[in-house]
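The file target.txt comes next; it holds compact mmCIF, C-alpha atoms.
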```
# COMPACT_ATOMS: atom_id res chain seq x y z
CA MET A 19 -9.08 -8.55 12.97
CA LYS A 20 -11.01 -8.56 9.72
CA PHE A 21 -8.85 -7.83 6.69
CA VAL A 22 -10.17 -4.90 4.69
CA ASP A 23 -8.16 -3.68 1.71
CA GLU A 24 -10.65 -1.27 0.14
CA ALA A 25 -12.63 1.61 1.59
CA THR A 26 -14.33 4.81 0.46
CA ILE A 27 -14.29 7.88 2.70
CA ASP A 28 -15.50 11.47 2.59
CA VAL A 29 -13.14 14.16 3.84
CA ALA A 30 -13.97 17.81 4.44
CA ALA A 31 -11.26 20.25 5.45
CA GLY A 32 -12.22 23.16 7.66
CA ASP A 33 -13.47 26.43 6.21
CA GLY A 34 -11.48 29.58 6.87
CA GLY A 35 -12.79 32.05 9.42
CA ASN A 36 -14.28 35.35 8.26
CA GLY A 37 -12.40 38.59 8.50
CA CYS A 38 -13.67 41.30 10.87
CA ALA A 39 -14.51 44.93 10.10
CA SER A 40 -14.00 46.88 13.31
CA PHE A 41 -12.79 50.33 14.40
CA ARG A 42 -11.20 51.40 17.61
CA HIS A 43 -12.50 54.77 18.81
CA GLU A 44 -12.23 55.62 22.45
CA LYS A 45 -12.43 59.03 24.01
CA TYR A 46 -9.09 60.38 25.15
CA LYS A 47 -7.25 57.43 23.48
CA GLU A 48 -4.89 58.05 20.60
CA PHE A 49 -4.26 55.95 17.52
CA GLY A 50 -7.80 54.82 16.84
CA GLY A 51 -8.82 53.37 13.51
CA PRO A 52 -9.39 49.99 11.85
CA ASP A 53 -8.56 47.05 14.10
CA GLY A 54 -10.46 44.10 12.56
CA GLY A 55 -8.32 40.94 12.46
CA ASP A 56 -8.10 38.21 9.82
CA GLY A 57 -9.93 34.92 10.15
CA GLY A 58 -8.09 31.72 11.06
CA ARG A 59 -7.19 29.00 8.54
CA GLY A 60 -9.39 25.93 8.43
CA GLY A 61 -7.99 22.61 9.60
CA ASN A 62 -6.17 20.36 7.12
CA ILE A 63 -6.66 16.60 6.84
CA TYR A 64 -3.50 14.53 6.57
CA ALA A 65 -2.84 10.85 5.89
CA VAL A 66 0.20 9.26 7.50
CA ALA A 67 1.66 5.79 6.85
CA ASP A 68 1.70 3.69 10.02
CA ALA A 69 3.81 0.52 9.93
CA SER A 70 1.80 -1.01 12.78
CA LEU A 71 -1.39 -1.18 10.66
CA ASN A 72 -2.10 -3.84 8.04
CA THR A 73 -5.76 -3.26 7.22
CA LEU A 74 -8.20 -0.46 6.34
CA VAL A 75 -10.87 -1.80 8.68
CA ASP A 76 -11.02 1.49 10.65
CA PHE A 77 -12.36 3.23 7.54
CA ARG A 78 -15.06 0.64 6.95
CA TYR A 79 -17.14 1.91 9.87
CA THR A 80 -16.15 5.59 10.09
CA ARG A 81 -16.40 7.06 6.61
CA ARG A 82 -16.68 10.83 7.08
CA PHE A 83 -13.98 13.06 8.52
CA GLU A 84 -14.47 16.80 9.03
CA ALA A 85 -11.78 19.18 10.26
CA HIS A 86 -12.66 22.21 12.35
CA ARG A 87 -13.18 25.59 10.74
CA GLY A 88 -11.01 28.57 11.56
CA GLU A 89 -12.17 31.09 14.11
CA HIS A 90 -13.50 34.41 12.88
CA GLY A 91 -11.38 37.52 13.24
CA LYS A 92 -12.23 39.98 16.02
CA GLY A 93 -11.69 43.58 16.91
CA SER A 94 -8.71 44.90 18.87
CA ASP A 95 -6.32 43.45 16.28
CA MET A 96 -7.31 39.89 17.20
CA PHE A 97 -6.78 37.25 14.52
CA GLY A 98 -8.86 34.08 14.52
CA VAL A 99 -7.35 30.81 15.76
CA LYS A 100 -6.71 28.21 13.05
CA GLY A 101 -8.86 25.09 13.03
CA ASP A 102 -7.51 21.81 14.41
CA ASP A 103 -6.00 19.43 11.86
CA ILE A 104 -6.97 15.77 11.51
CA VAL A 105 -4.38 13.02 10.96
CA LEU A 106 -5.63 9.71 9.55
CA LYS A 107 -3.35 6.72 10.09
CA MET A 108 -3.24 4.29 7.18
CA PRO A 109 -1.23 1.12 6.46
CA VAL A 110 1.98 1.36 4.46
CA GLY A 111 1.09 0.56 0.86
CA THR A 112 -2.20 2.47 0.78
CA ILE A 113 -3.15 4.10 -2.52
CA ILE A 114 -5.32 7.22 -2.20
CA ALA A 115 -7.37 8.03 -5.29
CA ASP A 116 -10.20 10.41 -6.20
CA ALA A 117 -13.37 8.31 -6.16
CA GLU A 118 -15.01 10.31 -8.96
CA THR A 119 -12.17 10.58 -11.48
CA GLY A 120 -10.09 7.59 -10.44
CA GLU A 121 -6.94 9.77 -10.40
CA VAL A 122 -4.30 8.48 -8.00
CA LEU A 123 -3.42 11.31 -5.63
CA HIS A 124 -0.91 9.71 -3.28
CA GLU A 125 0.79 6.41 -2.47
CA LEU A 126 2.03 5.80 1.06
CA LEU A 127 5.16 3.72 0.55
CA GLN A 128 7.38 4.68 3.50
CA PRO A 129 6.57 4.38 7.23
CA GLY A 130 5.91 7.82 8.68
CA GLU A 131 5.24 9.40 5.26
CA GLN A 132 2.63 12.16 5.56
CA VAL A 133 0.57 13.74 2.79
CA THR A 134 -2.21 16.34 2.68
CA ILE A 135 -5.46 14.88 1.37
CA ALA A 136 -7.70 17.91 2.02
CA LYS A 137 -6.46 21.47 2.47
CA GLY A 138 -8.22 23.84 4.83
CA GLY A 139 -9.58 27.11 3.55
CA ASP A 140 -7.63 30.32 4.11
CA GLY A 141 -9.02 32.86 6.52
CA GLY A 142 -10.70 36.02 5.28
CA PHE A 143 -9.07 39.42 5.61
CA GLY A 144 -10.16 41.92 8.25
CA ASN A 145 -10.32 45.63 7.52
CA MET A 146 -6.96 46.11 9.24
CA HIS A 147 -5.45 44.27 6.27
CA TYR A 148 -6.59 47.01 3.89
CA LYS A 149 -5.28 49.93 5.92
CA SER A 150 -2.84 52.15 4.05
CA SER A 151 -1.66 55.73 3.87
CA THR A 152 -4.37 56.49 1.33
CA ASN A 153 -7.10 54.29 2.81
CA ARG A 154 -7.21 55.17 6.45
CA ALA A 155 -10.69 53.95 7.28
CA PRO A 156 -11.27 50.80 5.19
CA ARG A 157 -14.55 49.03 5.66
CA GLN A 158 -13.71 46.04 3.48
CA LYS A 159 -13.52 42.55 4.83
CA THR A 160 -13.64 39.15 3.15
CA MET A 161 -15.27 35.89 4.04
CA GLY A 162 -13.19 32.80 4.74
CA TRP A 163 -12.44 30.41 1.88
CA THR A 164 -14.11 27.01 1.76
CA GLY A 165 -11.99 23.98 2.66
CA GLU A 166 -11.51 21.12 0.19
CA ARG A 167 -14.14 18.42 0.13
CA ARG A 168 -13.47 15.08 -1.51
CA THR A 169 -14.63 11.53 -1.79
CA LEU A 170 -11.58 9.29 -1.71
CA LYS A 171 -11.08 5.65 -2.53
CA LEU A 172 -8.49 3.86 -0.41
CA GLU A 173 -6.87 0.72 -1.74
CA LEU A 174 -4.25 -1.30 0.10
CA LYS A 175 -1.59 -3.22 -1.77
CA VAL A 176 0.58 -5.13 0.64
CA LEU A 177 4.29 -4.38 0.35
CA ALA A 178 6.14 -7.67 0.05
CA ASP A 179 9.32 -8.76 -1.68
CA VAL A 180 8.06 -12.24 -2.53
CA GLY A 181 4.57 -13.45 -3.40
CA LEU A 182 3.35 -17.03 -3.09
CA LEU A 183 1.26 -18.20 -6.01
CA GLY A 184 -0.69 -21.42 -6.41
CA MET A 185 -3.94 -23.35 -6.32
CA PRO A 186 -5.90 -23.79 -3.09
CA ASN A 187 -4.23 -26.40 -0.86
CA ALA A 188 -0.90 -26.09 -2.70
CA GLY A 189 0.78 -25.55 0.67
CA LYS A 190 1.34 -21.79 0.61
CA SER A 191 0.21 -21.24 4.19
CA THR A 192 2.31 -24.15 5.40
CA LEU A 193 5.37 -22.76 3.63
CA ILE A 194 5.00 -19.23 4.97
CA SER A 195 4.58 -20.59 8.50
CA ALA A 196 7.68 -22.78 8.05
CA ILE A 197 10.03 -20.03 6.87
CA SER A 198 8.67 -16.90 8.57
CA ASN A 199 7.04 -15.55 11.70
CA ALA A 200 3.54 -15.63 10.18
CA ARG A 201 1.02 -18.07 11.60
CA PRO A 202 -1.83 -18.36 9.11
CA LYS A 203 -4.70 -20.79 9.42
CA ILE A 204 -3.84 -24.20 7.96
CA ALA A 205 -6.40 -26.88 7.17
CA ASP A 206 -6.99 -29.69 4.68
CA TYR A 207 -9.76 -27.97 2.72
CA PRO A 208 -9.64 -25.41 -0.10
CA PHE A 209 -9.69 -21.66 0.50
CA THR A 210 -8.41 -21.90 4.07
CA THR A 211 -6.67 -18.57 3.48
CA LEU A 212 -9.29 -15.82 3.23
CA HIS A 213 -6.99 -12.78 3.24
CA PRO A 214 -3.31 -12.06 2.56
CA ASN A 215 -0.79 -12.99 5.23
CA LEU A 216 2.57 -11.27 5.55
CA GLY A 217 5.60 -12.90 7.10
CA VAL A 218 9.15 -11.69 7.70
CA VAL A 219 11.78 -14.27 6.77
CA ARG A 220 14.99 -13.94 8.78
CA VAL A 221 17.95 -15.15 6.76
CA GLY A 222 20.67 -13.87 9.07
CA PRO A 223 21.73 -10.80 11.06
CA GLU A 224 20.27 -7.78 9.29
CA LYS A 225 19.20 -10.02 6.42
CA SER A 226 15.49 -10.51 5.85
CA PHE A 227 12.70 -10.20 3.32
CA VAL A 228 8.91 -10.07 3.41
CA VAL A 229 6.77 -12.78 1.86
CA ALA A 230 3.02 -12.58 1.12
CA ASP A 231 0.59 -15.49 1.00
CA VAL A 232 -2.61 -14.67 -0.89
CA PRO A 233 -5.76 -16.82 -1.22
CA GLY A 234 -5.42 -19.63 -3.73
CA LEU A 235 -6.26 -19.03 -7.37
CA ILE A 236 -8.47 -21.15 -9.59
CA GLU A 237 -9.18 -21.04 -13.28
CA GLY A 238 -11.28 -17.99 -14.09
CA ALA A 239 -9.84 -15.96 -11.20
CA SER A 240 -9.17 -12.92 -13.40
CA GLU A 241 -12.92 -12.80 -14.17
CA GLY A 242 -13.88 -13.12 -10.50
CA ALA A 243 -14.00 -16.86 -9.81
CA GLY A 244 -12.92 -17.96 -6.34
CA LEU A 245 -11.26 -15.65 -3.84
CA GLY A 246 -7.81 -15.04 -5.25
CA HIS A 247 -8.92 -12.46 -7.83
CA GLN A 248 -9.65 -10.00 -5.02
CA PHE A 249 -6.02 -10.10 -3.98
CA LEU A 250 -4.10 -10.51 -7.24
CA ARG A 251 -3.18 -6.83 -7.08
CA HIS A 252 -1.24 -7.52 -3.87
CA LEU A 253 1.30 -9.41 -5.99
CA GLN A 254 1.93 -6.43 -8.28
CA ARG A 255 4.49 -4.84 -5.96
CA THR A 256 6.48 -8.00 -5.31
CA ARG A 257 9.89 -8.55 -6.89
CA LEU A 258 9.63 -12.32 -7.19
CA LEU A 259 6.81 -14.85 -7.46
CA LEU A 260 7.10 -18.39 -6.11
CA HIS A 261 4.70 -20.66 -7.96
CA LEU A 262 3.87 -23.57 -5.64
CA VAL A 263 2.73 -26.78 -7.30
CA ASP A 264 1.33 -29.72 -5.36
CA VAL A 265 3.12 -32.77 -6.78
CA ALA A 266 0.92 -35.18 -4.83
CA PRO A 267 -2.71 -33.97 -5.00
CA PHE A 268 -5.32 -35.86 -2.95
CA ASP A 269 -7.47 -36.37 -6.03
CA GLU A 270 -5.64 -38.68 -8.40
CA GLY A 271 -7.65 -37.28 -11.29
CA VAL A 272 -6.13 -33.82 -10.83
CA ASP A 273 -3.17 -33.02 -13.05
CA PRO A 274 -0.79 -30.51 -11.34
CA VAL A 275 0.61 -29.47 -14.73
CA VAL A 276 -2.83 -28.46 -16.02
CA GLN A 277 -3.46 -26.50 -12.82
CA ALA A 278 -0.09 -24.74 -13.05
CA LYS A 279 -0.73 -23.71 -16.65
CA ALA A 280 -4.16 -22.38 -15.66
CA ILE A 281 -2.59 -20.18 -12.95
CA VAL A 282 -0.07 -18.74 -15.39
CA ALA A 283 -2.86 -18.00 -17.86
CA GLU A 284 -4.82 -16.13 -15.17
CA LEU A 285 -1.80 -13.98 -14.38
CA LYS A 286 -1.48 -12.98 -18.01
CA LYS A 287 -5.18 -12.12 -18.26
CA PHE A 288 -5.09 -10.03 -15.11
CA ASP A 289 -1.92 -8.01 -15.72
CA GLN A 290 0.85 -8.43 -18.29
CA SER A 291 3.42 -6.83 -15.98
CA LEU A 292 2.52 -9.34 -13.26
CA TYR A 293 2.94 -12.16 -15.78
CA ASP A 294 6.37 -10.79 -16.75
CA LYS A 295 7.71 -10.78 -13.18
CA PRO A 296 10.41 -13.32 -12.29
CA ARG A 297 8.61 -16.53 -11.37
CA TRP A 298 10.26 -19.59 -9.82
CA LEU A 299 8.77 -23.05 -9.77
CA VAL A 300 8.51 -24.64 -6.31
CA LEU A 301 7.40 -28.28 -6.25
CA ASN A 302 5.86 -28.91 -2.85
CA LYS A 303 4.76 -31.96 -0.80
CA LEU A 304 7.63 -34.18 -1.93
CA ASP A 305 7.29 -36.01 1.39
CA MET A 306 4.11 -37.53 -0.06
CA VAL A 307 6.03 -39.06 -2.98
CA PRO A 308 8.13 -42.22 -2.58
CA THR A 309 11.85 -41.43 -2.71
CA ASP A 310 12.49 -43.59 -5.77
CA GLU A 311 9.73 -41.82 -7.73
CA ARG A 312 10.61 -38.21 -6.94
CA GLU A 313 13.18 -37.57 -9.65
CA ALA A 314 10.98 -38.97 -12.42
CA ARG A 315 7.93 -37.04 -11.26
CA VAL A 316 9.84 -33.76 -11.04
CA LYS A 317 11.34 -34.20 -14.51
CA ASP A 318 7.91 -35.02 -15.95
CA ILE A 319 6.30 -31.89 -14.47
CA VAL A 320 9.10 -29.58 -15.59
CA LYS A 321 9.17 -31.08 -19.08
CA ARG A 322 5.40 -30.79 -19.60
CA LEU A 323 5.39 -27.22 -18.30
CA LYS A 324 8.28 -26.38 -20.66
CA TYR A 325 9.74 -24.43 -17.77
CA LYS A 326 13.31 -23.13 -18.13
CA GLY A 327 13.79 -21.20 -14.86
CA PRO A 328 14.92 -22.20 -11.37
CA VAL A 329 13.18 -25.25 -9.89
CA PHE A 330 13.08 -26.07 -6.17
CA GLU A 331 11.95 -29.33 -4.63
CA ILE A 332 10.65 -28.90 -1.09
CA SER A 333 8.37 -30.21 1.59
CA ALA A 334 6.88 -27.31 3.54
CA LEU A 335 5.59 -29.73 6.17
CA THR A 336 8.98 -31.29 6.97
CA ARG A 337 10.92 -28.17 5.86
CA GLU A 338 13.03 -30.24 3.51
CA GLY A 339 14.63 -27.96 0.92
CA CYS A 340 13.23 -24.78 2.52
CA GLU A 341 16.61 -23.47 3.70
CA LEU A 342 18.09 -23.58 0.21
CA LEU A 343 14.99 -21.86 -1.19
CA VAL A 344 15.20 -19.07 1.40
CA GLN A 345 18.88 -18.45 0.72
CA LYS A 346 18.38 -18.27 -3.04
CA VAL A 347 15.38 -15.96 -2.70
CA TYR A 348 17.32 -13.58 -0.46
CA GLN A 349 20.23 -13.48 -2.90
CA HIS A 350 17.85 -12.61 -5.72
CA ILE A 351 16.06 -9.91 -3.70
CA ALA A 352 19.36 -8.40 -2.58
CA GLN A 353 20.62 -8.32 -6.15
CA VAL A 354 17.46 -6.64 -7.43
CA HIS A 355 17.57 -4.10 -4.62
CA LYS A 356 21.21 -3.34 -5.35
CA SER A 357 20.55 -2.83 -9.04
CA GLN A 358 17.76 -0.36 -8.26
CA GLN A 359 19.92 1.80 -6.01
CA PRO A 360 21.04 5.07 -7.66
CA VAL A 361 24.72 5.14 -8.48
CA GLU A 362 26.53 7.97 -6.75
CA VAL A 363 28.77 9.91 -9.12
CA ASP A 364 31.76 11.83 -7.86
CA PRO A 365 30.89 15.49 -8.62
CA ARG A 366 34.45 16.04 -9.82
CA PHE A 367 33.82 13.66 -12.72
CA ALA A 368 30.16 14.44 -13.36
CA VAL A 369 29.32 15.50 -16.89
CA ALA A 370 27.54 18.81 -17.21
CA PRO A 371 24.02 18.53 -18.78
CA ASP A 372 24.97 20.75 -21.70
CA ALA A 373 28.34 19.12 -22.32
CA ASN A 374 28.87 17.55 -25.74
```

Could you render the structure as structure tokens?
Amino acid sequence: MKFVDEATIDVAAGDGGNGCASFRHEKYKEFGGPDGGDGGRGGNIYAVADASLNTLVDFRYTRRFEAHRGEHGKGSDMFGVKGDDIVLKMPVGTIIADAETGEVLHELLQPGEQVTIAKGGDGGFGNMHYKSSTNRAPRQKTMGWTGERRTLKLELKVLADVGLLGMPNAGKSTLISAISNARPKIADYPFTTLHPNLGVVRVGPEKSFVVADVPGLIEGASEGAGLGHQFLRHLQRTRLLLHLVDVAPFDEGVDPVVQAKAIVAELKKFDQSLYDKPRWLVLNKLDMVPTDEREARVKDIVKRLKYKGPVFEISALTREGCELLVQKVYQHIAQVHKSQQPVEVDPRFAVAPDAN
């Protein structure tokens, strides 16, 4: 399936039905008078988060959605039937914004979450609505209200705990396939990954986290060079970034330290908050380096990068060092999640808002 993470759609909720002005008057029948019913409400349009979806491709080809209008009111005290609603299924992580103003209206962050993106118009009042002790033969009625019409921009940001960062061919796809259930395309040429891949990493019973592999970045990505710039926003919701560095590039003229510094610079240009996220250094493809040279090469890279954080030495191909990396990542994610949980306070010891 083609990965689509942006789409623009037009939505039109149903108009309300018109009220009816009618009178009951039958010979030899008592209790005649106004009997015009109200019009029915127009159909609403809802968006619901569906965990089984991971792309907005359905909205690339069908761009207009119109709900049914409410039925008009009728005589004999008959109210109009409300219009049928429309429910649009979207991936978890979808941001719904007004295409004209850019205002973010909703974010679908939980599976099953449902929001109203276009409200149907209310039905008009029939003359029965205006009947009173002083107005026994009302002839007023109102037309139905118009339903909301909007042009919406949909943007999908994948929800992952960990994001893989690195140059093309750094081994991100190999790593995600080694530690998770994802099976991305792997080849020995740049830009093999054309869209984000999500994988669930199982650490143990009821212990897991989600990792995202985005297309490789190159220098100038924040200005649009390469493919990675299109997906940098997918890293904004992650809690931890793993910066993969190829310690044994095919081209001997390529300096992995220069490439790593270029990636970090692109992060800062794109989004300061993304640059400030916890970022761990993962030195990959150690199986390509002779055993007696590994320690010196690792120390040289870390020293030249002036990196002070956690460093992991792995080989995604042979899975050497991957288990330790997975365990440490899970511990970090669990700690962050725990710190973000609200602390429950015993109501007996809670301090009143106005207490001094």

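Atom pair CA of Thr73 (chain A) / CA of Leu177 (chain A): separated by 12.2 Å.
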
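Across the structure, CA of Asn153 (chain A) and CA of Gly141 (chain A) are spaced 21.8 Å apart.
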
Near region 49-69 of chain A, 10 Å: region 122-182 of chain A residue rows, closest pairs, only C-alpha atoms, as a tab-separated table:
```
residue	atom	partner	partner_atom	distance
A:His124	CA	A:Ala65	CA	9.4
A:Glu125	CA	A:Ala67	CA	9.4
A:Leu126	CA	A:Ala67	CA	5.8
A:Leu127	CA	A:Ala67	CA	7.5
A:Gln128	CA	A:Ala67	CA	6.7
A:Pro129	CA	A:Ala67	CA	5.1
A:Gly130	CA	A:Ala67	CA	5.1
A:Glu131	CA	A:Ala67	CA	5.3
A:Gln132	CA	A:Val66	CA	4.3
A:Val133	CA	A:Ala65	CA	5.4
A:Thr134	CA	A:Tyr64	CA	4.5
A:Ile135	CA	A:Tyr64	CA	5.6
A:Ala136	CA	A:Ile63	CA	5.1
A:Lys137	CA	A:Asn62	CA	4.8
A:Gly138	CA	A:Gly60	CA	4.3
A:Gly139	CA	A:Gly60	CA	5.0
A:Asp140	CA	A:Arg59	CA	4.6
A:Gly141	CA	A:Gly57	CA	4.3
A:Gly142	CA	A:Gly57	CA	5.1
A:Phe143	CA	A:Asp56	CA	4.5
A:Gly144	CA	A:Asp56	CA	4.5
A:Asn145	CA	A:Gly54	CA	5.3
A:Met146	CA	A:Asp53	CA	5.2
A:His147	CA	A:Asp56	CA	7.5
A:Tyr148	CA	A:Pro52	CA	8.9
A:Lys149	CA	A:Pro52	CA	7.2
A:Arg154	CA	A:Gly51	CA	7.5
A:Ala155	CA	A:Pro52	CA	6.2
A:Pro156	CA	A:Pro52	CA	7.0
A:Arg157	CA	A:Pro52	CA	8.1
A:Gln158	CA	A:Gly54	CA	9.8
A:Lys159	CA	A:Gly54	CA	8.5
A:Thr160	CA	A:Asp56	CA	8.7
A:Met161	CA	A:Gly57	CA	8.2
A:Gly162	CA	A:Gly57	CA	6.7
A:Trp163	CA	A:Gly60	CA	8.5
A:Thr164	CA	A:Gly60	CA	8.2
A:Gly165	CA	A:Gly60	CA	6.6
A:Glu166	CA	A:Asn62	CA	8.8
```

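Residue nearest Arg167 (chain A), chosen from A:Val316, A:Ala85, A:Val122, A:Ala278 and counting only C-alpha atoms: A:Ala85.
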
Could you give me, as a PDB file with C-alpha atoms, in the coordinates of the input, the residues within 8 Å of Tyr293 (chain A), counting all atoms listed in the file and dropping anything in the same chain fewer than 5 positions from it?
```
ATOM      1  CA  VAL A 282      -0.070 -18.740 -15.390  1.00  0.00           C
ATOM      2  CA  LEU A 285      -1.800 -13.980 -14.380  1.00  0.00           C
ATOM      3  CA  LYS A 286      -1.480 -12.980 -18.010  1.00  0.00           C
TER       4      LYS A 286
END
```

Shortest contact to Gly222 (chain A), candidates A:Thr80, A:Thr256, A:Thr336, A:Gln349, atoms counted only C-alpha atoms, goes to A:Gln349

Using all atoms listed in the file and a cutoff of 8 Å, can you tell me which residues are near (-13.9, 17.2, 8.2) in the file's coordinates, and write them out as a list in words? Val29, Ala30, Ala31, Gly32, Ile63, Arg82, Phe83, Glu84, Ala85, His86 and Ile104 of chain A

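Closest to Lys303 (chain A) among A:Pro328, A:Gly93, A:Gly217, A:Gly189 is A:Gly189, based on all atoms listed in the file.
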
The distance between CA of Ile332 (chain A) and CA of His252 (chain A) is 24.6 Å

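Of the listed residues (A:Asp294, A:Ile194, A:Ala115, A:Ala230), A:Ile194 comes nearest to Leu335 (chain A); the distances count only C-alpha atoms.
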
Completion of region 300-316 of chain A up to N, CA, C and O atoms, as a compact mmCIF listing (two decimals), keeping the file's coordinate frame:
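Written output follows (out.txt):
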```txt
# COMPACT_ATOMS: atom_id res chain seq x y z
N VAL A 300 8.24 -23.96 -7.58
CA VAL A 300 8.51 -24.64 -6.31
C VAL A 300 7.59 -25.86 -6.24
O VAL A 300 6.36 -25.71 -6.13
N LEU A 301 8.16 -27.03 -6.30
CA LEU A 301 7.40 -28.28 -6.25
C LEU A 301 7.31 -28.71 -4.80
O LEU A 301 8.31 -29.07 -4.17
N ASN A 302 6.10 -28.68 -4.27
CA ASN A 302 5.86 -28.91 -2.85
C ASN A 302 5.27 -30.30 -2.59
O ASN A 302 4.79 -30.97 -3.49
N LYS A 303 5.32 -30.70 -1.32
CA LYS A 303 4.76 -31.96 -0.80
C LYS A 303 5.52 -33.18 -1.35
O LYS A 303 4.92 -34.22 -1.62
N LEU A 304 6.84 -33.04 -1.50
CA LEU A 304 7.63 -34.18 -1.93
C LEU A 304 7.66 -35.29 -0.89
O LEU A 304 7.99 -36.44 -1.22
N ASP A 305 7.33 -34.97 0.36
CA ASP A 305 7.29 -36.01 1.39
C ASP A 305 6.16 -37.01 1.14
O ASP A 305 6.17 -38.11 1.70
N MET A 306 5.22 -36.64 0.28
CA MET A 306 4.11 -37.53 -0.06
C MET A 306 4.44 -38.46 -1.23
O MET A 306 3.65 -39.32 -1.59
N VAL A 307 5.62 -38.25 -1.82
CA VAL A 307 6.03 -39.06 -2.98
C VAL A 307 7.14 -40.00 -2.56
O VAL A 307 8.10 -39.57 -1.91
N PRO A 308 7.05 -41.28 -2.90
CA PRO A 308 8.13 -42.22 -2.58
C PRO A 308 9.47 -41.70 -3.12
O PRO A 308 9.54 -41.13 -4.20
N THR A 309 10.52 -41.96 -2.35
CA THR A 309 11.85 -41.43 -2.71
C THR A 309 12.29 -41.85 -4.10
O THR A 309 12.86 -41.05 -4.86
N ASP A 310 12.02 -43.10 -4.47
CA ASP A 310 12.49 -43.59 -5.77
C ASP A 310 11.67 -43.05 -6.94
O ASP A 310 12.05 -43.24 -8.10
N GLU A 311 10.56 -42.36 -6.65
CA GLU A 311 9.73 -41.82 -7.73
C GLU A 311 9.87 -40.31 -7.89
O GLU A 311 9.37 -39.73 -8.85
N ARG A 312 10.56 -39.67 -6.96
CA ARG A 312 10.61 -38.21 -6.94
C ARG A 312 11.27 -37.64 -8.20
O ARG A 312 10.72 -36.74 -8.84
N GLU A 313 12.43 -38.13 -8.53
CA GLU A 313 13.18 -37.57 -9.65
C GLU A 313 12.39 -37.65 -10.94
O GLU A 313 12.31 -36.68 -11.71
N ALA A 314 11.75 -38.80 -11.19
CA ALA A 314 10.98 -38.97 -12.42
C ALA A 314 9.77 -38.04 -12.44
O ALA A 314 9.45 -37.45 -13.49
N ARG A 315 9.11 -37.89 -11.31
CA ARG A 315 7.93 -37.04 -11.26
C ARG A 315 8.30 -35.57 -11.48
O ARG A 315 7.62 -34.83 -12.19
N VAL A 316 9.40 -35.15 -10.87
CA VAL A 316 9.84 -33.76 -11.04
C VAL A 316 10.20 -33.49 -12.49
O VAL A 316 9.80 -32.46 -13.07
```
